[in-house]
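Peer 1: Data file coords-v5.txt (compact mmCIF, C-alpha atoms) is appended below.
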# COMPACT_ATOMS: atom_id res chain seq x y z
CA MET A 1 68.05 -179.77 27.27
CA LYS A 2 67.33 -177.18 24.60
CA LYS A 3 66.23 -179.96 22.28
CA VAL A 4 63.78 -181.25 24.91
CA ILE A 5 62.32 -177.75 25.43
CA LYS A 6 61.90 -177.23 21.68
CA THR A 7 60.20 -180.61 21.36
CA SER A 8 57.90 -179.79 24.27
CA ILE A 9 56.96 -176.43 22.73
CA LEU A 10 56.32 -178.06 19.36
CA LEU A 11 54.09 -180.69 20.95
CA SER A 12 52.18 -177.97 22.79
CA PHE A 13 51.54 -176.08 19.54
CA CYS A 14 50.45 -179.30 17.84
CA LEU A 15 48.08 -180.08 20.72
CA ILE A 16 46.57 -176.59 20.60
CA ALA A 17 46.13 -176.81 16.82
CA LEU A 18 44.58 -180.26 17.07
CA THR A 19 42.24 -179.14 19.85
CA SER A 20 41.07 -176.10 17.91
CA MET A 21 40.47 -178.25 14.84
CA THR A 22 38.61 -180.89 16.80
CA PHE A 23 36.28 -178.49 18.60
CA LYS A 24 35.54 -176.06 15.78
CA PRO A 25 31.73 -176.00 15.65
CA LYS A 26 29.87 -176.68 12.42
CA ARG A 27 28.62 -173.33 11.13
CA ILE A 28 25.14 -173.40 9.59
CA ILE A 29 23.66 -170.34 7.88
CA PHE A 30 19.95 -170.11 7.07
CA PHE A 31 19.69 -167.82 4.05
CA GLY A 32 16.39 -166.34 2.94
CA ASP A 33 13.62 -163.77 3.23
CA SER A 34 11.27 -162.62 6.04
CA ILE A 35 10.31 -166.19 6.95
CA THR A 36 13.98 -166.81 7.74
CA GLN A 37 14.32 -163.39 9.36
CA GLN A 38 11.48 -164.28 11.73
CA GLY A 39 13.01 -167.72 12.22
CA VAL A 40 15.42 -166.30 14.80
CA SER A 41 12.59 -165.01 17.00
CA LYS A 42 11.74 -166.67 20.32
CA ASN A 43 9.69 -169.51 18.81
CA GLY A 44 11.13 -169.30 15.29
CA TYR A 45 12.26 -172.39 13.43
CA ILE A 46 15.93 -171.38 13.50
CA THR A 47 15.77 -170.83 17.26
CA LEU A 48 14.12 -174.25 17.69
CA ILE A 49 16.83 -175.90 15.61
CA LYS A 50 19.52 -174.08 17.57
CA LYS A 51 18.04 -175.29 20.86
CA SER A 52 18.01 -178.87 19.56
CA LEU A 53 21.71 -178.86 18.70
CA ASP A 54 24.76 -178.96 20.96
CA SER A 55 26.05 -175.37 21.06
CA THR A 56 29.64 -176.61 21.39
CA LYS A 57 29.29 -178.51 18.10
CA TYR A 58 27.06 -176.19 16.06
CA ASP A 59 27.10 -172.47 15.32
CA VAL A 60 23.66 -171.54 13.92
CA ILE A 61 23.15 -168.20 12.13
CA GLY A 62 20.06 -166.65 10.54
CA ALA A 63 20.58 -164.47 7.47
CA GLY A 64 17.07 -163.54 6.41
CA ILE A 65 15.85 -160.15 5.16
CA GLY A 66 12.18 -159.31 4.60
CA GLY A 67 11.08 -158.89 1.00
CA ASN A 68 14.11 -160.63 -0.44
CA LYS A 69 13.94 -162.54 -3.69
CA VAL A 70 16.52 -164.86 -5.18
CA TYR A 71 18.54 -162.08 -6.83
CA ASP A 72 18.65 -160.15 -3.52
CA LEU A 73 20.26 -163.22 -1.96
CA TYR A 74 22.75 -163.37 -4.80
CA LEU A 75 23.71 -159.70 -4.30
CA ARG A 76 24.37 -160.10 -0.57
CA LEU A 77 25.81 -163.60 -0.72
CA GLU A 78 29.42 -162.49 -0.24
CA ASP A 79 28.84 -160.31 2.82
CA ASP A 80 26.12 -162.26 4.60
CA VAL A 81 27.21 -165.82 3.88
CA LEU A 82 30.55 -166.53 2.20
CA ASN A 83 32.58 -164.16 4.38
CA LYS A 84 31.32 -166.03 7.45
CA LYS A 85 32.87 -169.27 6.12
CA PRO A 86 29.88 -171.58 6.67
CA ASP A 87 30.08 -175.35 6.60
CA LEU A 88 26.46 -175.56 5.45
CA VAL A 89 24.01 -173.11 3.89
CA VAL A 90 20.24 -173.65 3.86
CA ILE A 91 18.64 -171.68 1.01
CA TYR A 92 14.95 -170.91 1.56
CA VAL A 93 13.70 -168.39 -1.01
CA GLY A 94 10.91 -168.23 -3.58
CA ILE A 95 7.77 -166.95 -1.86
CA ASN A 96 8.43 -163.31 -2.81
CA ASP A 97 9.62 -164.27 -6.28
CA VAL A 98 6.10 -165.61 -6.89
CA TRP A 99 4.01 -163.41 -4.59
CA HIS A 100 5.47 -160.08 -5.70
CA LYS A 101 4.65 -160.82 -9.33
CA GLN A 102 1.03 -160.40 -8.30
CA SER A 103 1.27 -157.85 -5.48
CA SER A 104 3.80 -155.36 -6.84
CA HIS A 105 4.87 -156.70 -10.26
CA THR A 106 8.45 -157.09 -9.02
CA GLY A 107 8.64 -160.85 -8.79
CA THR A 108 11.07 -163.10 -10.63
CA ASP A 109 10.31 -164.95 -13.85
CA TYR A 110 10.72 -168.71 -13.56
CA ASP A 111 13.76 -169.06 -15.86
CA LYS A 112 15.57 -166.19 -14.16
CA TYR A 113 14.70 -167.62 -10.75
CA LEU A 114 16.36 -170.94 -11.58
CA LYS A 115 19.44 -169.23 -13.08
CA PHE A 116 20.02 -167.10 -9.97
CA TYR A 117 19.37 -170.11 -7.74
CA GLN A 118 21.93 -172.20 -9.63
CA ALA A 119 24.40 -169.31 -9.36
CA LEU A 120 23.91 -169.30 -5.57
CA ILE A 121 24.61 -173.03 -5.45
CA ASN A 122 27.72 -172.66 -7.60
CA LYS A 123 29.21 -169.87 -5.48
CA ILE A 124 28.48 -171.57 -2.15
CA GLN A 125 29.91 -174.89 -3.31
CA GLY A 126 32.84 -173.03 -4.83
CA VAL A 127 34.12 -172.13 -1.35
CA GLY A 128 33.65 -175.69 -0.10
CA SER A 129 30.37 -175.26 1.77
CA LYS A 130 27.53 -177.76 1.59
CA VAL A 131 24.02 -176.73 0.53
CA VAL A 132 20.47 -177.72 1.47
CA LEU A 133 17.60 -176.50 -0.72
CA VAL A 134 14.07 -175.68 0.49
CA THR A 135 10.99 -175.46 -1.72
CA PRO A 136 8.70 -172.42 -1.26
CA SER A 137 5.82 -173.23 1.08
CA VAL A 138 2.53 -171.33 0.78
CA VAL A 139 0.78 -168.07 -0.02
CA GLY A 140 -2.56 -169.07 1.44
CA GLU A 141 -3.45 -172.32 3.19
CA LYS A 142 -6.58 -173.46 1.34
CA LYS A 143 -6.49 -177.03 0.11
CA ASP A 144 -6.69 -178.65 -3.32
CA GLY A 145 -4.95 -175.92 -5.33
CA THR A 146 -7.53 -173.22 -4.61
CA ASN A 147 -5.13 -170.49 -3.47
CA GLU A 148 -4.56 -167.93 -6.20
CA LEU A 149 -0.80 -168.57 -6.50
CA ASP A 150 -0.77 -172.34 -6.06
CA ALA A 151 0.02 -173.11 -9.69
CA ASP A 152 3.04 -170.80 -9.75
CA LEU A 153 4.28 -172.05 -6.37
CA ASN A 154 3.98 -175.64 -7.59
CA LYS A 155 6.00 -174.76 -10.68
CA TYR A 156 8.76 -173.00 -8.73
CA ALA A 157 8.87 -175.79 -6.15
CA GLU A 158 9.28 -178.35 -8.92
CA GLY A 159 12.15 -176.22 -10.26
CA ILE A 160 13.89 -176.52 -6.88
CA ARG A 161 13.41 -180.29 -6.91
CA ILE A 162 14.99 -180.41 -10.36
CA LEU A 163 17.95 -178.29 -9.19
CA ALA A 164 18.38 -180.55 -6.16
CA ALA A 165 18.48 -183.65 -8.37
CA LYS A 166 20.77 -182.00 -10.92
CA ASN A 167 23.25 -180.91 -8.24
CA ASN A 168 22.84 -184.03 -6.07
CA LEU A 169 21.70 -181.94 -3.08
CA PRO A 170 19.30 -182.65 -0.22
CA VAL A 171 15.98 -180.82 -0.41
CA CYS A 172 13.46 -180.01 2.30
CA ASP A 173 10.22 -180.11 0.29
CA LEU A 174 8.07 -177.72 2.32
CA ARG A 175 5.65 -177.27 -0.56
CA LYS A 176 4.74 -180.95 -0.38
CA ILE A 177 4.96 -181.15 3.42
CA PHE A 178 2.65 -178.15 3.92
CA ALA A 179 0.12 -179.54 1.43
CA GLU A 180 0.02 -182.87 3.24
CA TYR A 181 -0.36 -181.16 6.63
CA GLU A 182 -3.19 -178.93 5.36
CA ALA A 183 -5.01 -181.95 3.90
CA LYS A 184 -5.06 -183.59 7.33
CA ASN A 185 -5.42 -180.57 9.62
CA ASN A 186 -7.44 -177.92 7.78
CA PRO A 187 -10.97 -179.39 7.54
CA GLU A 188 -12.62 -175.95 7.32
CA ASP A 189 -10.32 -174.95 4.43
CA LYS A 190 -9.07 -171.81 6.14
CA GLU A 191 -6.68 -169.55 4.24
CA LYS A 192 -4.57 -168.85 7.33
CA GLY A 193 -4.16 -169.85 10.97
CA ILE A 194 -3.16 -173.48 10.52
CA LEU A 195 0.57 -173.08 9.82
CA THR A 196 0.72 -169.33 9.15
CA VAL A 197 -0.43 -166.13 10.81
CA ASP A 198 -1.15 -164.27 7.56
CA ARG A 199 -1.15 -166.89 4.74
CA VAL A 200 2.67 -166.69 4.46
CA HIS A 201 4.61 -166.18 7.70
CA LEU A 202 4.79 -169.07 10.13
CA ASN A 203 2.86 -169.40 13.35
CA GLU A 204 4.12 -171.50 16.25
CA THR A 205 2.91 -174.75 14.67
CA GLY A 206 4.43 -173.83 11.31
CA ASN A 207 7.77 -172.99 12.86
CA LYS A 208 7.85 -176.32 14.69
CA LEU A 209 6.96 -178.21 11.52
CA VAL A 210 9.74 -176.50 9.56
CA ALA A 211 12.26 -177.04 12.36
CA ASP A 212 11.37 -180.74 12.60
CA GLN A 213 11.82 -181.18 8.84
CA LEU A 214 15.11 -179.28 8.58
CA LEU A 215 16.83 -180.59 11.70
CA PRO A 216 17.85 -184.00 10.26
CA LEU A 217 19.23 -182.29 7.13
CA VAL A 218 21.59 -179.94 8.99
CA LYS A 219 23.09 -182.30 11.56
Show this structure as structure tokens.
Peer 2:
Amino acid sequence: MKKVIKTSILLSFCLIALTSMTFKPKRIIFFGDSITQQGVSKNGYITLIKKSLDSTKYDVIGAGIGGNKVYDLYLRLEDDVLNKKPDLVVIYVGINDVWHKQSSHTGTDYDKYLKFYQALINKIQGVGSKVVLVTPSVVGEKKDGTNELDADLNKYAEGIRILAAKNNLPVCDLRKIFAEYEAKNNPEDKEKGILTVDRVHLNETGNKLVADQLLPLVK
């Protein structure tokens, strides 16, 4: 009788353990700057992605802070990402690294940007989490390379593509995607109002575009 009870208890524990393992949702962390910070707002791209996923299967978290550059992400990686034990981390950073070089002379040189970015990848993969990279999008929406920072953004975006290839990682190429969208949908060559509210931060259309592009990569 005692043997039967012990067996029953053991089976119960096994069933509980198996159930908890089976139904543990996939934790996705979006890691970035103010674009990511705003992504958790009502119509933000993170909110849209969250609504598109089964909440019993996915745990979606935004970890964006305004003004952040790649080294800011590196400094808060432990607390804001690794300690939360994510299954997948989406890294979206680079706008401020380029933009702040012009606006406040506190941006990030290209070589240093790539070194910090690679360090982020190494640490995230080191705990067993998967990584998706995102190229920086825009600072200004004019077409044909006429925004003041287009050349730098193109260079930094190409650096992300190289890192993605080097590390065999998926990349959401927003730099390319935004350029293609502007070519088709910005006939008056406006500097804002097509995908952004202020040349940088996403409007409703921009958030939907980003959500649509990222969704297949995080499922």
Peer 1: With all atoms listed in the file as the counted atoms, please give the residues lying no more than 12 Å from A:Ala157, apart from itself and same-chain residues fewer than 4 positions off, as a compact mmCIF listing (two decimals) with C-alpha atoms, keeping the file's coordinate frame.
Peer 2:
# COMPACT_ATOMS: atom_id res chain seq x y z
CA TYR A 92 14.95 -170.91 1.56
CA VAL A 93 13.70 -168.39 -1.01
CA GLY A 94 10.91 -168.23 -3.58
CA ILE A 95 7.77 -166.95 -1.86
CA ASP A 97 9.62 -164.27 -6.28
CA VAL A 98 6.10 -165.61 -6.89
CA TYR A 110 10.72 -168.71 -13.56
CA TYR A 113 14.70 -167.62 -10.75
CA LEU A 114 16.36 -170.94 -11.58
CA LEU A 133 17.60 -176.50 -0.72
CA VAL A 134 14.07 -175.68 0.49
CA THR A 135 10.99 -175.46 -1.72
CA PRO A 136 8.70 -172.42 -1.26
CA SER A 137 5.82 -173.23 1.08
CA VAL A 138 2.53 -171.33 0.78
CA ASP A 150 -0.77 -172.34 -6.06
CA ALA A 151 0.02 -173.11 -9.69
CA ASP A 152 3.04 -170.80 -9.75
CA LEU A 153 4.28 -172.05 -6.37
CA ARG A 161 13.41 -180.29 -6.91
CA ILE A 162 14.99 -180.41 -10.36
CA LEU A 163 17.95 -178.29 -9.19
CA ALA A 164 18.38 -180.55 -6.16
CA VAL A 171 15.98 -180.82 -0.41
CA CYS A 172 13.46 -180.01 2.30
CA ASP A 173 10.22 -180.11 0.29
CA LEU A 174 8.07 -177.72 2.32
CA ARG A 175 5.65 -177.27 -0.56
CA LYS A 176 4.74 -180.95 -0.38
CA ILE A 177 4.96 -181.15 3.42
Peer 1: Between atom CA of A:Ser34 and atom CA of A:Ile194, what is the spacing in Å?
Peer 2: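 These atoms are spaced 18.6 Å apart.
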Peer 1: So what do you get for atom CA of A:Lys85 versus atom CA of A:Gly67, distance-wise?
Peer 2: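 So the answer is 24.7 Å.
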Peer 1: Of the residues A:Asp80, A:Glu182, A:Asp72, A:Asp111, which is the one nearest to A:Glu141, using only C-alpha atoms?
Peer 2: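 When distances to A:Glu141 are compared using only C-alpha atoms, the smallest one comes from A:Glu182.
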Peer 1: How big is the axis-aligned box around all listed atoms of stretch 65-73 of chain A once 3 Å goes on each side, and where's its centre, in Å to one decimal, as AutoDock Vina command-line options?
Peer 2:
--center_x 15.7 --center_y -161.9 --center_z -0.8 --size_x 15.2 --size_y 12.0 --size_z 18.0
Peer 1: For A:Gln38, which residue among A:Glu180, A:Asp109, A:Asp212, A:Glu204 is the nearest when counting only C-alpha atoms?
Peer 2: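 Using only C-alpha atoms, A:Gln38 sits closest to A:Glu204.
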Peer 1: Compare A:Gly145, A:Gly206, A:Pro25, A:Gly66 by their minimum atom-to-atom distance to A:Lys192, counting all atoms listed in the file, and give me the closest one.
Peer 2: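 Using all atoms listed in the file, A:Lys192 sits closest to A:Gly206.
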Peer 1: At a cut-off of 10 Å, using all atoms listed in the file, what residues contact A:Phe31? Leave out same-chain residues fewer than 3 positions from it and give the result as a PDB file with C-alpha atoms, in the frame of the given file.
Peer 2:
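This went into out.pdb:
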ATOM      1  CA  ILE A  28      25.140-173.400   9.590  1.00  0.00           C
ATOM      2  CA  ILE A  35      10.310-166.190   6.950  1.00  0.00           C
ATOM      3  CA  THR A  36      13.980-166.810   7.740  1.00  0.00           C
ATOM      4  CA  GLN A  37      14.320-163.390   9.360  1.00  0.00           C
ATOM      5  CA  ILE A  61      23.150-168.200  12.130  1.00  0.00           C
ATOM      6  CA  GLY A  62      20.060-166.650  10.540  1.00  0.00           C
ATOM      7  CA  ALA A  63      20.580-164.470   7.470  1.00  0.00           C
ATOM      8  CA  GLY A  64      17.070-163.540   6.410  1.00  0.00           C
ATOM      9  CA  ILE A  65      15.850-160.150   5.160  1.00  0.00           C
ATOM     10  CA  LEU A  73      20.260-163.220  -1.960  1.00  0.00           C
ATOM     11  CA  LEU A  77      25.810-163.600  -0.720  1.00  0.00           C
ATOM     12  CA  ASP A  80      26.120-162.260   4.600  1.00  0.00           C
ATOM     13  CA  VAL A  81      27.210-165.820   3.880  1.00  0.00           C
ATOM     14  CA  VAL A  89      24.010-173.110   3.890  1.00  0.00           C
ATOM     15  CA  VAL A  90      20.240-173.650   3.860  1.00  0.00           C
ATOM     16  CA  ILE A  91      18.640-171.680   1.010  1.00  0.00           C
ATOM     17  CA  TYR A  92      14.950-170.910   1.560  1.00  0.00           C
ATOM     18  CA  VAL A  93      13.700-168.390  -1.010  1.00  0.00           C
TER      19      VAL A  93
END
Peer 1: For a quick check of understanding, using all atoms listed in the file, which of A:Asp87, A:Asp33, A:Glu188, A:Asp54 has the smallest distance to A:Lys69?
Peer 2: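 Checking each candidate against A:Lys69, we get A:Asp33 as the closest.
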Peer 1: Residues near A:Lys26, anyone? I mean within 9 Å using all atoms listed in the file, not counting same-chain ones fewer than 2 positions away, as a PyMOL selection string.
Peer 2: chain A and resi 24+28+56-60+86-88+219
Peer 1: Using all atoms listed in the file, which of A:His201, A:Val132, A:Asn68, A:Gly107 sits nearest A:Phe30?
Peer 2: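 Looking only at the distances to A:Phe30, the closest residue turns out to be A:Val132.
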Peer 1: Calculate how many Å separate atom CA of A:Ala179 from atom CA of A:Leu217, rounding to one decimal.
Peer 2: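 Value for the atom CA of A:Ala179-atom CA of A:Leu217 distance: 20.1 Å.
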Peer 1: Pick out the closest residue to A:Lys115 from this set: A:Val218, A:Leu75, A:Val40, A:Val70. Count all atoms listed in the file.
Peer 2: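 Among A:Val218, A:Leu75, A:Val40, A:Val70, it is A:Val70 that comes nearest to A:Lys115.
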Peer 1: Near A:Gly39, within 8 Å and counting all atoms listed in the file, which residues show up once chain neighbours fewer than 5 positions away are dropped, as a PDB file with C-alpha atoms, keeping the file's coordinate frame?
Peer 2:
ATOM      1  CA  GLY A  44      11.130-169.300  15.290  1.00  0.00           C
ATOM      2  CA  TYR A  45      12.260-172.390  13.430  1.00  0.00           C
ATOM      3  CA  ILE A  46      15.930-171.380  13.500  1.00  0.00           C
ATOM      4  CA  THR A  47      15.770-170.830  17.260  1.00  0.00           C
ATOM      5  CA  GLY A  62      20.060-166.650  10.540  1.00  0.00           C
ATOM      6  CA  ASN A 207       7.770-172.990  12.860  1.00  0.00           C
TER       7      ASN A 207
END
